[in-house]
file coords31.cif (mmCIF, N, CA and C atoms)
data_entry
#
loop_
_atom_site.label_atom_id
_atom_site.label_comp_id
_atom_site.auth_asym_id
_atom_site.auth_seq_id
_atom_site.Cartn_x
_atom_site.Cartn_y
_atom_site.Cartn_z
N MET A 412 -18.17 11.75 6.15
CA MET A 412 -17.01 11.78 5.29
C MET A 412 -17.31 10.94 4.05
N ASP A 413 -16.97 11.50 2.89
CA ASP A 413 -17.21 10.73 1.67
C ASP A 413 -16.22 9.59 1.56
N ARG A 414 -16.53 8.63 0.72
CA ARG A 414 -15.75 7.39 0.63
C ARG A 414 -14.31 7.65 0.19
N LEU A 415 -14.11 8.57 -0.75
CA LEU A 415 -12.76 8.87 -1.23
C LEU A 415 -11.88 9.39 -0.09
N ASN A 416 -12.38 10.31 0.68
CA ASN A 416 -11.61 10.82 1.81
C ASN A 416 -11.41 9.75 2.88
N PHE A 417 -12.38 8.88 3.04
CA PHE A 417 -12.23 7.76 3.97
C PHE A 417 -11.09 6.85 3.52
N TYR A 418 -11.04 6.53 2.23
CA TYR A 418 -9.94 5.71 1.70
C TYR A 418 -8.60 6.38 1.97
N ARG A 419 -8.52 7.67 1.68
CA ARG A 419 -7.26 8.41 1.89
C ARG A 419 -6.82 8.35 3.35
N GLN A 420 -7.77 8.55 4.24
CA GLN A 420 -7.46 8.50 5.67
C GLN A 420 -6.97 7.12 6.08
N CYS A 421 -7.65 6.08 5.62
CA CYS A 421 -7.25 4.71 5.96
C CYS A 421 -5.85 4.38 5.46
N LEU A 422 -5.55 4.76 4.23
CA LEU A 422 -4.23 4.47 3.67
C LEU A 422 -3.14 5.22 4.40
N ARG A 423 -3.40 6.46 4.75
CA ARG A 423 -2.41 7.23 5.53
C ARG A 423 -2.15 6.56 6.87
N GLU A 424 -3.22 6.16 7.56
CA GLU A 424 -3.07 5.50 8.86
C GLU A 424 -2.32 4.18 8.72
N PHE A 425 -2.69 3.39 7.73
CA PHE A 425 -2.05 2.09 7.51
C PHE A 425 -0.56 2.27 7.27
N LEU A 426 -0.19 3.13 6.33
CA LEU A 426 1.22 3.30 5.98
C LEU A 426 2.01 3.94 7.11
N THR A 427 1.42 4.89 7.80
CA THR A 427 2.11 5.53 8.93
C THR A 427 2.39 4.51 10.02
N GLN A 428 1.44 3.63 10.27
CA GLN A 428 1.64 2.58 11.28
C GLN A 428 2.83 1.70 10.91
N TYR A 429 2.90 1.26 9.64
CA TYR A 429 3.97 0.35 9.25
C TYR A 429 5.31 1.05 9.03
N ALA A 430 5.29 2.35 8.82
CA ALA A 430 6.54 3.09 8.70
C ALA A 430 7.31 3.09 10.01
N LYS A 431 6.60 2.93 11.12
CA LYS A 431 7.25 2.90 12.44
C LYS A 431 8.17 1.70 12.59
N TYR A 432 7.95 0.67 11.78
CA TYR A 432 8.77 -0.53 11.87
C TYR A 432 9.98 -0.47 10.95
N GLY A 433 10.36 0.73 10.56
CA GLY A 433 11.47 0.91 9.63
C GLY A 433 12.78 0.40 10.20
N SER A 434 13.75 0.34 9.33
CA SER A 434 15.07 -0.15 9.68
C SER A 434 15.71 0.76 10.73
N LYS A 435 16.44 0.15 11.66
CA LYS A 435 17.18 0.90 12.67
C LYS A 435 18.55 1.32 12.13
N ASP A 436 18.89 0.85 10.95
CA ASP A 436 20.16 1.18 10.31
C ASP A 436 20.14 2.65 9.90
N GLN A 437 21.13 3.41 10.34
CA GLN A 437 21.18 4.84 10.04
C GLN A 437 21.46 5.13 8.57
N ASN A 438 21.87 4.11 7.82
CA ASN A 438 22.11 4.28 6.39
C ASN A 438 20.84 4.05 5.57
N MET A 439 19.74 3.73 6.25
CA MET A 439 18.47 3.48 5.57
C MET A 439 17.45 4.53 6.00
N GLU A 440 16.62 4.93 5.06
CA GLU A 440 15.58 5.91 5.32
C GLU A 440 14.23 5.32 4.92
N THR A 441 13.24 5.52 5.77
CA THR A 441 11.87 5.13 5.45
C THR A 441 11.16 6.36 4.94
N GLN A 442 10.52 6.24 3.78
CA GLN A 442 9.82 7.37 3.17
C GLN A 442 8.34 7.04 3.01
N LEU A 443 7.51 7.96 3.45
CA LEU A 443 6.07 7.88 3.23
C LEU A 443 5.72 8.86 2.11
N ILE A 444 5.02 8.38 1.11
CA ILE A 444 4.61 9.21 -0.01
C ILE A 444 3.09 9.24 -0.03
N PHE A 445 2.52 10.42 0.15
CA PHE A 445 1.08 10.61 0.10
C PHE A 445 0.76 11.62 -0.99
N ASP A 446 0.46 11.16 -2.17
CA ASP A 446 0.10 12.04 -3.29
C ASP A 446 -1.43 12.05 -3.37
N THR A 447 -2.04 12.97 -2.61
CA THR A 447 -3.49 13.01 -2.54
C THR A 447 -4.12 13.63 -3.79
N GLU A 448 -3.34 14.36 -4.56
CA GLU A 448 -3.87 14.93 -5.80
C GLU A 448 -4.11 13.84 -6.86
N ASN A 449 -3.17 12.89 -6.94
CA ASN A 449 -3.27 11.79 -7.91
C ASN A 449 -3.62 10.46 -7.26
N ASP A 450 -3.75 10.45 -5.94
CA ASP A 450 -4.12 9.27 -5.15
C ASP A 450 -3.17 8.10 -5.31
N HIS A 451 -1.88 8.38 -5.04
CA HIS A 451 -0.83 7.36 -4.96
C HIS A 451 -0.26 7.41 -3.54
N TYR A 452 -0.10 6.25 -2.92
CA TYR A 452 0.34 6.16 -1.53
C TYR A 452 1.38 5.06 -1.42
N LEU A 453 2.59 5.41 -0.94
CA LEU A 453 3.69 4.45 -0.91
C LEU A 453 4.46 4.51 0.39
N LEU A 454 5.05 3.37 0.73
CA LEU A 454 6.04 3.28 1.79
C LEU A 454 7.29 2.71 1.15
N LEU A 455 8.37 3.49 1.19
CA LEU A 455 9.63 3.10 0.54
C LEU A 455 10.75 3.01 1.57
N ARG A 456 11.76 2.24 1.24
CA ARG A 456 13.01 2.21 2.00
C ARG A 456 14.12 2.53 1.01
N THR A 457 14.96 3.47 1.38
CA THR A 457 16.09 3.84 0.53
C THR A 457 17.33 3.97 1.39
N GLY A 458 18.47 3.81 0.75
CA GLY A 458 19.73 3.97 1.46
C GLY A 458 20.78 2.98 0.97
N TRP A 459 21.66 2.60 1.90
CA TRP A 459 22.77 1.72 1.55
C TRP A 459 22.89 0.57 2.53
N ASP A 460 23.09 -0.61 2.00
CA ASP A 460 23.39 -1.81 2.77
C ASP A 460 24.82 -2.18 2.40
N LYS A 461 25.75 -1.73 3.23
CA LYS A 461 27.18 -1.82 2.92
C LYS A 461 27.44 -1.07 1.62
N LYS A 462 27.81 -1.74 0.55
CA LYS A 462 28.09 -1.05 -0.72
C LYS A 462 26.97 -1.22 -1.74
N ARG A 463 25.86 -1.78 -1.30
CA ARG A 463 24.73 -2.04 -2.19
C ARG A 463 23.64 -0.99 -1.97
N ARG A 464 23.23 -0.36 -3.06
CA ARG A 464 22.15 0.64 -3.01
C ARG A 464 20.81 -0.07 -2.82
N VAL A 465 19.99 0.45 -1.92
CA VAL A 465 18.68 -0.10 -1.65
C VAL A 465 17.64 0.97 -2.01
N HIS A 466 16.71 0.60 -2.84
CA HIS A 466 15.54 1.44 -3.14
C HIS A 466 14.39 0.47 -3.30
N SER A 467 13.62 0.32 -2.24
CA SER A 467 12.64 -0.76 -2.18
C SER A 467 11.25 -0.21 -1.85
N CYS A 468 10.29 -0.63 -2.63
CA CYS A 468 8.89 -0.29 -2.37
C CYS A 468 8.30 -1.38 -1.46
N ILE A 469 7.91 -0.99 -0.27
CA ILE A 469 7.31 -1.93 0.67
C ILE A 469 5.82 -2.08 0.36
N PHE A 470 5.12 -0.95 0.29
CA PHE A 470 3.70 -0.92 -0.06
C PHE A 470 3.46 0.16 -1.11
N HIS A 471 2.53 -0.11 -2.01
CA HIS A 471 2.08 0.89 -2.98
C HIS A 471 0.58 0.69 -3.18
N PHE A 472 -0.17 1.75 -2.93
CA PHE A 472 -1.62 1.75 -3.13
C PHE A 472 -1.98 2.89 -4.07
N ASP A 473 -3.01 2.68 -4.86
CA ASP A 473 -3.63 3.74 -5.65
C ASP A 473 -5.12 3.72 -5.34
N ILE A 474 -5.74 4.86 -5.45
CA ILE A 474 -7.20 4.93 -5.43
C ILE A 474 -7.62 5.30 -6.83
N LYS A 475 -8.37 4.40 -7.46
CA LYS A 475 -8.86 4.70 -8.81
C LYS A 475 -10.16 3.97 -9.05
N ASP A 476 -10.99 4.61 -9.84
CA ASP A 476 -12.30 4.04 -10.19
C ASP A 476 -13.10 3.68 -8.94
N GLY A 477 -12.94 4.47 -7.87
CA GLY A 477 -13.73 4.25 -6.66
C GLY A 477 -13.30 3.07 -5.81
N LYS A 478 -12.07 2.58 -6.05
CA LYS A 478 -11.57 1.43 -5.28
C LYS A 478 -10.13 1.65 -4.87
N ILE A 479 -9.72 0.90 -3.86
CA ILE A 479 -8.31 0.90 -3.45
C ILE A 479 -7.61 -0.22 -4.21
N TRP A 480 -6.59 0.13 -4.93
CA TRP A 480 -5.77 -0.83 -5.67
C TRP A 480 -4.49 -1.10 -4.89
N VAL A 481 -4.27 -2.34 -4.52
CA VAL A 481 -3.02 -2.75 -3.88
C VAL A 481 -2.06 -3.08 -5.03
N GLN A 482 -1.14 -2.15 -5.30
CA GLN A 482 -0.22 -2.31 -6.42
C GLN A 482 1.04 -3.09 -6.05
N GLU A 483 1.41 -3.02 -4.76
CA GLU A 483 2.61 -3.73 -4.30
C GLU A 483 2.47 -4.00 -2.82
N ASN A 484 2.90 -5.20 -2.42
CA ASN A 484 2.94 -5.58 -1.01
C ASN A 484 4.12 -6.53 -0.86
N ASN A 485 5.24 -6.01 -0.41
CA ASN A 485 6.44 -6.82 -0.23
C ASN A 485 6.62 -7.23 1.22
N THR A 486 5.52 -7.66 1.83
CA THR A 486 5.54 -8.15 3.21
C THR A 486 4.67 -9.40 3.27
N ASP A 487 4.59 -9.98 4.44
CA ASP A 487 3.69 -11.11 4.64
C ASP A 487 2.38 -10.66 5.29
N ILE A 488 2.15 -9.36 5.33
CA ILE A 488 0.94 -8.79 5.92
C ILE A 488 -0.23 -8.98 4.96
N ASP A 489 -1.36 -9.41 5.48
CA ASP A 489 -2.58 -9.53 4.68
C ASP A 489 -3.25 -8.15 4.65
N VAL A 490 -2.87 -7.36 3.64
CA VAL A 490 -3.33 -5.99 3.53
C VAL A 490 -4.86 -5.93 3.41
N GLY A 491 -5.43 -6.80 2.61
CA GLY A 491 -6.88 -6.81 2.44
C GLY A 491 -7.59 -6.98 3.76
N GLU A 492 -7.11 -7.90 4.57
CA GLU A 492 -7.73 -8.14 5.88
C GLU A 492 -7.63 -6.91 6.77
N GLU A 493 -6.48 -6.26 6.74
CA GLU A 493 -6.31 -5.07 7.57
C GLU A 493 -7.20 -3.92 7.09
N LEU A 494 -7.34 -3.78 5.78
CA LEU A 494 -8.23 -2.75 5.25
C LEU A 494 -9.68 -3.05 5.61
N GLU A 495 -10.04 -4.32 5.59
CA GLU A 495 -11.40 -4.71 5.99
C GLU A 495 -11.67 -4.33 7.44
N GLU A 496 -10.69 -4.53 8.30
CA GLU A 496 -10.84 -4.18 9.71
C GLU A 496 -11.03 -2.67 9.89
N MET A 497 -10.58 -1.89 8.90
CA MET A 497 -10.75 -0.43 8.94
C MET A 497 -12.10 0.00 8.36
N GLY A 498 -12.87 -0.96 7.82
CA GLY A 498 -14.19 -0.64 7.30
C GLY A 498 -14.29 -0.59 5.79
N ILE A 499 -13.33 -1.18 5.10
CA ILE A 499 -13.33 -1.22 3.64
C ILE A 499 -13.68 -2.65 3.22
N SER A 500 -14.69 -2.79 2.38
CA SER A 500 -15.14 -4.13 1.99
C SER A 500 -14.24 -4.74 0.92
N LYS A 501 -14.32 -6.05 0.77
CA LYS A 501 -13.56 -6.76 -0.26
C LYS A 501 -13.89 -6.24 -1.66
N GLN A 502 -15.12 -5.80 -1.87
CA GLN A 502 -15.54 -5.30 -3.18
C GLN A 502 -14.98 -3.92 -3.48
N GLU A 503 -14.31 -3.30 -2.49
CA GLU A 503 -13.69 -1.99 -2.69
C GLU A 503 -12.17 -2.10 -2.82
N ILE A 504 -11.67 -3.33 -2.85
CA ILE A 504 -10.22 -3.58 -2.90
C ILE A 504 -9.90 -4.40 -4.15
N VAL A 505 -8.92 -3.93 -4.90
CA VAL A 505 -8.43 -4.67 -6.07
C VAL A 505 -6.97 -5.03 -5.80
N ILE A 506 -6.63 -6.29 -5.98
CA ILE A 506 -5.24 -6.72 -5.85
C ILE A 506 -4.58 -6.51 -7.22
N GLY A 507 -4.06 -5.32 -7.40
CA GLY A 507 -3.56 -4.89 -8.70
C GLY A 507 -2.33 -5.64 -9.19
N PHE A 508 -1.58 -6.25 -8.27
CA PHE A 508 -0.38 -6.98 -8.71
C PHE A 508 -0.71 -8.40 -9.17
N HIS A 509 -1.98 -8.80 -9.07
CA HIS A 509 -2.41 -10.07 -9.66
C HIS A 509 -2.74 -9.85 -11.13
N TYR A 510 -2.39 -10.80 -11.96
CA TYR A 510 -2.71 -10.72 -13.37
C TYR A 510 -4.22 -10.55 -13.53
N PRO A 511 -4.68 -9.62 -14.40
CA PRO A 511 -6.11 -9.32 -14.49
C PRO A 511 -7.03 -10.53 -14.65
N ALA A 512 -6.65 -11.50 -15.47
CA ALA A 512 -7.51 -12.67 -15.69
C ALA A 512 -7.61 -13.55 -14.45
N LEU A 513 -6.66 -13.43 -13.53
CA LEU A 513 -6.69 -14.26 -12.32
C LEU A 513 -7.41 -13.61 -11.16
N ARG A 514 -7.69 -12.32 -11.25
CA ARG A 514 -8.35 -11.61 -10.14
C ARG A 514 -9.72 -12.17 -9.82
N GLN A 515 -10.39 -12.74 -10.82
CA GLN A 515 -11.74 -13.28 -10.60
C GLN A 515 -11.71 -14.45 -9.61
N HIS A 516 -10.56 -15.04 -9.39
CA HIS A 516 -10.44 -16.19 -8.50
C HIS A 516 -10.13 -15.77 -7.05
N SER A 517 -9.97 -14.46 -6.85
CA SER A 517 -9.72 -13.98 -5.49
C SER A 517 -11.05 -13.59 -4.87
N GLN A 518 -11.02 -13.27 -3.62
CA GLN A 518 -12.23 -12.84 -2.93
C GLN A 518 -12.43 -11.32 -3.01
N TYR A 519 -11.55 -10.66 -3.79
CA TYR A 519 -11.59 -9.20 -3.91
C TYR A 519 -12.14 -8.76 -5.26
N ALA A 520 -12.30 -7.46 -5.43
CA ALA A 520 -12.85 -6.91 -6.67
C ALA A 520 -11.94 -7.22 -7.84
N VAL A 521 -12.52 -7.34 -9.02
CA VAL A 521 -11.76 -7.64 -10.24
C VAL A 521 -11.08 -6.38 -10.74
N SER A 522 -11.77 -5.28 -10.74
CA SER A 522 -11.21 -3.97 -11.10
C SER A 522 -12.22 -2.89 -10.82
#
call {"tool": "encode", "arguments": {"input": "coords31.cif", "output": "structure tokens"}}
result
Amino acid sequence: MDRLNFYRQCLREFLTQYAKYGSKDQNMETQLIFDTENDHYLLLRTGWDKKRRVHSCIFHFDIKDGKIWVQENNTDIDVGEELEEMGISKQEIVIGFHYPALRQHSQYAVS
């Protein structure tokens, strides 16, 4: 399997696993978005919390320039560590929500 398809498979597995932990509230919906044509992968929560509208991105990943970009992580899960356990190296992961000049101080790819 080529690396791009491997990334796609890993992201689908990762997001599908965490979608299972969705809210038990019937007014909330967990949405998995797999845009394999443009390589955008998201886990969203939408719905209502009493009278307040909820539209929340839990995870957002992109595949670009041969790397996985972590664009959003609104959990305490160490996504990089979990991706590494799936066989993706630190040099294949970019923490996209870090300011570009600060990425050099992480253990992950700069871009």
call {"tool": "resolve_selection", "arguments": {"input": "coords31.cif", "expression": "the PyMOL selection byres ((chain A and resi 480) around 8)", "output": "PyMOL selection string"}}
result
chain A and resi 471-479+481-483+503-508
call {"tool": "residues_around", "arguments": {"input": "coords31.cif", "residues": "stretch 490-495 of chain A", "least_positions_apart": "4", "cutoff": "8 Å", "atoms": "all atoms listed in the file", "output": "VMD selection string"}}
result
chain A and resid 421 425 484 486 499 to 501 504
call {"tool": "atom_distance", "arguments": {"input": "coords31.cif", "atom1": "atom CA of A:Trp459", "atom2": "atom N of A:Leu443"}}
result
16.6 Å
call {"tool": "residues_near_point", "arguments": {"input": "coords31.cif", "point": "(-7.7, -7.1, -14.0)", "cutoff": "6 Å", "atoms": "all atoms listed in the file", "output": "MDAnalysis selection string"}}
result
chainID A and resid 510:512 514 521:522
call {"tool": "write_last_selection", "arguments": {"input": "coords31.cif", "atoms": "N, CA and C atoms", "output": "compact mmCIF listing (two decimals), keeping the file's coordinate frame"}}
result
# COMPACT_ATOMS: atom_id res chain seq x y z
N TYR A 510 -2.39 -10.80 -11.96
CA TYR A 510 -2.71 -10.72 -13.37
C TYR A 510 -4.22 -10.55 -13.53
N PRO A 511 -4.68 -9.62 -14.40
CA PRO A 511 -6.11 -9.32 -14.49
C PRO A 511 -7.03 -10.53 -14.65
N ALA A 512 -6.65 -11.50 -15.47
CA ALA A 512 -7.51 -12.67 -15.69
C ALA A 512 -7.61 -13.55 -14.45
N ARG A 514 -7.69 -12.32 -11.25
CA ARG A 514 -8.35 -11.61 -10.14
C ARG A 514 -9.72 -12.17 -9.82
N VAL A 521 -12.52 -7.34 -9.02
CA VAL A 521 -11.76 -7.64 -10.24
C VAL A 521 -11.08 -6.38 -10.74
N SER A 522 -11.77 -5.28 -10.74
CA SER A 522 -11.21 -3.97 -11.10
C SER A 522 -12.22 -2.89 -10.82
call {"tool": "resolve_selection", "arguments": {"input": "coords31.cif", "expression": "the PyMOL selection byres (((chain A and resi 429 and name CA) around 12) and name CA)", "output": "NGL selection string"}}
result
:A and (422-428 or 430-434 or 441-443 or 453-456 or 469-470 or 484 or 486 or 488 or 490 or 493)
call {"tool": "write_last_selection", "arguments": {"input": "coords31.cif", "atoms": "N, CA and C atoms", "output": "short mmCIF file (atom, residue, chain, number, x, y, z; two decimals), in the coordinates of the input"}}
result
data_model
loop_
_atom_site.label_atom_id
_atom_site.label_comp_id
_atom_site.auth_asym_id
_atom_site.auth_seq_id
_atom_site.Cartn_x
_atom_site.Cartn_y
_atom_site.Cartn_z
N LEU A 422 -5.55 4.76 4.23
CA LEU A 422 -4.23 4.47 3.67
C LEU A 422 -3.14 5.22 4.40
N ARG A 423 -3.40 6.46 4.75
CA ARG A 423 -2.41 7.23 5.53
C ARG A 423 -2.15 6.56 6.87
N GLU A 424 -3.22 6.16 7.56
CA GLU A 424 -3.07 5.50 8.86
C GLU A 424 -2.32 4.18 8.72
N PHE A 425 -2.69 3.39 7.73
CA PHE A 425 -2.05 2.09 7.51
C PHE A 425 -0.56 2.27 7.27
N LEU A 426 -0.19 3.13 6.33
CA LEU A 426 1.22 3.30 5.98
C LEU A 426 2.01 3.94 7.11
N THR A 427 1.42 4.89 7.80
CA THR A 427 2.11 5.53 8.93
C THR A 427 2.39 4.51 10.02
N GLN A 428 1.44 3.63 10.27
CA GLN A 428 1.64 2.58 11.28
C GLN A 428 2.83 1.70 10.91
N ALA A 430 5.29 2.35 8.82
CA ALA A 430 6.54 3.09 8.70
C ALA A 430 7.31 3.09 10.01
N LYS A 431 6.60 2.93 11.12
CA LYS A 431 7.25 2.90 12.44
C LYS A 431 8.17 1.70 12.59
N TYR A 432 7.95 0.67 11.78
CA TYR A 432 8.77 -0.53 11.87
C TYR A 432 9.98 -0.47 10.95
N GLY A 433 10.36 0.73 10.56
CA GLY A 433 11.47 0.91 9.63
C GLY A 433 12.78 0.40 10.20
N SER A 434 13.75 0.34 9.33
CA SER A 434 15.07 -0.15 9.68
C SER A 434 15.71 0.76 10.73
N THR A 441 13.24 5.52 5.77
CA THR A 441 11.87 5.13 5.45
C THR A 441 11.16 6.36 4.94
N GLN A 442 10.52 6.24 3.78
CA GLN A 442 9.82 7.37 3.17
C GLN A 442 8.34 7.04 3.01
N LEU A 443 7.51 7.96 3.45
CA LEU A 443 6.07 7.88 3.23
C LEU A 443 5.72 8.86 2.11
N LEU A 453 2.59 5.41 -0.94
CA LEU A 453 3.69 4.45 -0.91
C LEU A 453 4.46 4.51 0.39
N LEU A 454 5.05 3.37 0.73
CA LEU A 454 6.04 3.28 1.79
C LEU A 454 7.29 2.71 1.15
N LEU A 455 8.37 3.49 1.19
CA LEU A 455 9.63 3.10 0.54
C LEU A 455 10.75 3.01 1.57
N ARG A 456 11.76 2.24 1.24
CA ARG A 456 13.01 2.21 2.00
C ARG A 456 14.12 2.53 1.01
N ILE A 469 7.91 -0.99 -0.27
CA ILE A 469 7.31 -1.93 0.67
C ILE A 469 5.82 -2.08 0.36
N PHE A 470 5.12 -0.95 0.29
CA PHE A 470 3.70 -0.92 -0.06
C PHE A 470 3.46 0.16 -1.11
N ASN A 484 2.90 -5.20 -2.42
CA ASN A 484 2.94 -5.58 -1.01
C ASN A 484 4.12 -6.53 -0.86
N THR A 486 5.52 -7.66 1.83
CA THR A 486 5.54 -8.15 3.21
C THR A 486 4.67 -9.40 3.27
N ILE A 488 2.15 -9.36 5.33
CA ILE A 488 0.94 -8.79 5.92
C ILE A 488 -0.23 -8.98 4.96
N VAL A 490 -2.87 -7.36 3.64
CA VAL A 490 -3.33 -5.99 3.53
C VAL A 490 -4.86 -5.93 3.41
N GLU A 493 -6.48 -6.26 6.74
CA GLU A 493 -6.31 -5.07 7.57
C GLU A 493 -7.20 -3.92 7.09
#
call {"tool": "select_by_dssp", "arguments": {"input": "coords31.cif", "residues": "stretch 419-522 of chain A", "states": "helix (DSSP H, G or I)", "output": "list in words"}}
result
Arg419, Gln420, Cys421, Leu422, Arg423, Glu424, Phe425, Leu426, Thr427, Gln428, Tyr429, Ala430, Val490, Gly491, Glu492, Glu493, Leu494, Glu495, Glu496, Lys501, Gln502, Glu503, Pro511, Ala512, Leu513, Arg514, Gln515 and His516 of chain A
call {"tool": "atom_distance", "arguments": {"input": "coords31.cif", "atom1": "atom N of A:Val465", "atom2": "atom N of A:Asp436"}}
result
12.9 Å
call {"tool": "atom_distance", "arguments": {"input": "coords31.cif", "atom1": "atom N of A:Asn416", "atom2": "atom CA of A:Ser467"}}
result
27.5 Å
call {"tool": "select_by_dssp", "arguments": {"input": "coords31.cif", "residues": "chain A", "states": "strand (DSSP E or B)", "output": "PyMOL selection string"}}
result
chain A and resi 439-446+451-460+463-475+478-484+504-506+520
call {"tool": "closest_residue", "arguments": {"input": "coords31.cif", "among": "A:Asn485, A:Gln420, A:Asn438, A:Gln515", "to": "A:Thr457", "atoms": "all atoms listed in the file"}}
result
A:Asn438
call {"tool": "closest_residue", "arguments": {"input": "coords31.cif", "among": "A:Ser517, A:Asn449, A:Asp489, A:Glu440", "to": "A:Arg464", "atoms": "only C-alpha atoms"}}
result
A:Glu440
call {"tool": "closest_residue", "arguments": {"input": "coords31.cif", "among": "A:Ala520, A:Leu513, A:Cys468, A:Met497", "to": "A:Arg419", "atoms": "only C-alpha atoms"}}
result
A:Met497
call {"tool": "build_atoms", "arguments": {"input": "coords31.cif", "residues": "stretch 423-437 of chain A", "atoms": "N, CA, C and O atoms", "output": "tab-separated table (two decimals), in the coordinates of the input"}}
result
chain	number	residue	atom	x	y	z
A	423	ARG	N	-3.40	6.46	4.75
A	423	ARG	CA	-2.41	7.23	5.53
A	423	ARG	C	-2.15	6.56	6.87
A	423	ARG	O	-1.00	6.41	7.29
A	424	GLU	N	-3.22	6.16	7.56
A	424	GLU	CA	-3.07	5.50	8.86
A	424	GLU	C	-2.32	4.18	8.72
A	424	GLU	O	-1.42	3.88	9.51
A	425	PHE	N	-2.69	3.39	7.73
A	425	PHE	CA	-2.05	2.09	7.51
A	425	PHE	C	-0.56	2.27	7.27
A	425	PHE	O	0.28	1.63	7.92
A	426	LEU	N	-0.19	3.13	6.33
A	426	LEU	CA	1.22	3.30	5.98
A	426	LEU	C	2.01	3.94	7.11
A	426	LEU	O	3.16	3.55	7.37
A	427	THR	N	1.42	4.89	7.80
A	427	THR	CA	2.11	5.53	8.93
A	427	THR	C	2.39	4.51	10.02
A	427	THR	O	3.47	4.51	10.62
A	428	GLN	N	1.44	3.63	10.27
A	428	GLN	CA	1.64	2.58	11.28
A	428	GLN	C	2.83	1.70	10.91
A	428	GLN	O	3.68	1.42	11.75
A	429	TYR	N	2.90	1.26	9.64
A	429	TYR	CA	3.97	0.35	9.25
A	429	TYR	C	5.31	1.05	9.03
A	429	TYR	O	6.35	0.42	9.11
A	430	ALA	N	5.29	2.35	8.82
A	430	ALA	CA	6.54	3.09	8.70
A	430	ALA	C	7.31	3.09	10.01
A	430	ALA	O	8.54	3.18	10.02
A	431	LYS	N	6.60	2.93	11.12
A	431	LYS	CA	7.25	2.90	12.44
A	431	LYS	C	8.17	1.70	12.59
A	431	LYS	O	9.06	1.70	13.43
A	432	TYR	N	7.95	0.67	11.78
A	432	TYR	CA	8.77	-0.53	11.87
A	432	TYR	C	9.98	-0.47	10.95
A	432	TYR	O	10.54	-1.48	10.60
A	433	GLY	N	10.36	0.73	10.56
A	433	GLY	CA	11.47	0.91	9.63
A	433	GLY	C	12.78	0.40	10.20
A	433	GLY	O	12.92	0.10	11.38
A	434	SER	N	13.75	0.34	9.33
A	434	SER	CA	15.07	-0.15	9.68
A	434	SER	C	15.71	0.76	10.73
A	434	SER	O	15.56	1.98	10.70
A	435	LYS	N	16.44	0.15	11.66
A	435	LYS	CA	17.18	0.90	12.67
A	435	LYS	C	18.55	1.32	12.13
A	435	LYS	O	19.26	2.07	12.76
A	436	ASP	N	18.89	0.85	10.95
A	436	ASP	CA	20.16	1.18	10.31
A	436	ASP	C	20.14	2.65	9.90
A	436	ASP	O	19.24	3.11	9.19
A	437	GLN	N	21.13	3.41	10.34
A	437	GLN	CA	21.18	4.84	10.04
A	437	GLN	C	21.46	5.13	8.57
A	437	GLN	O	21.29	6.25	8.12
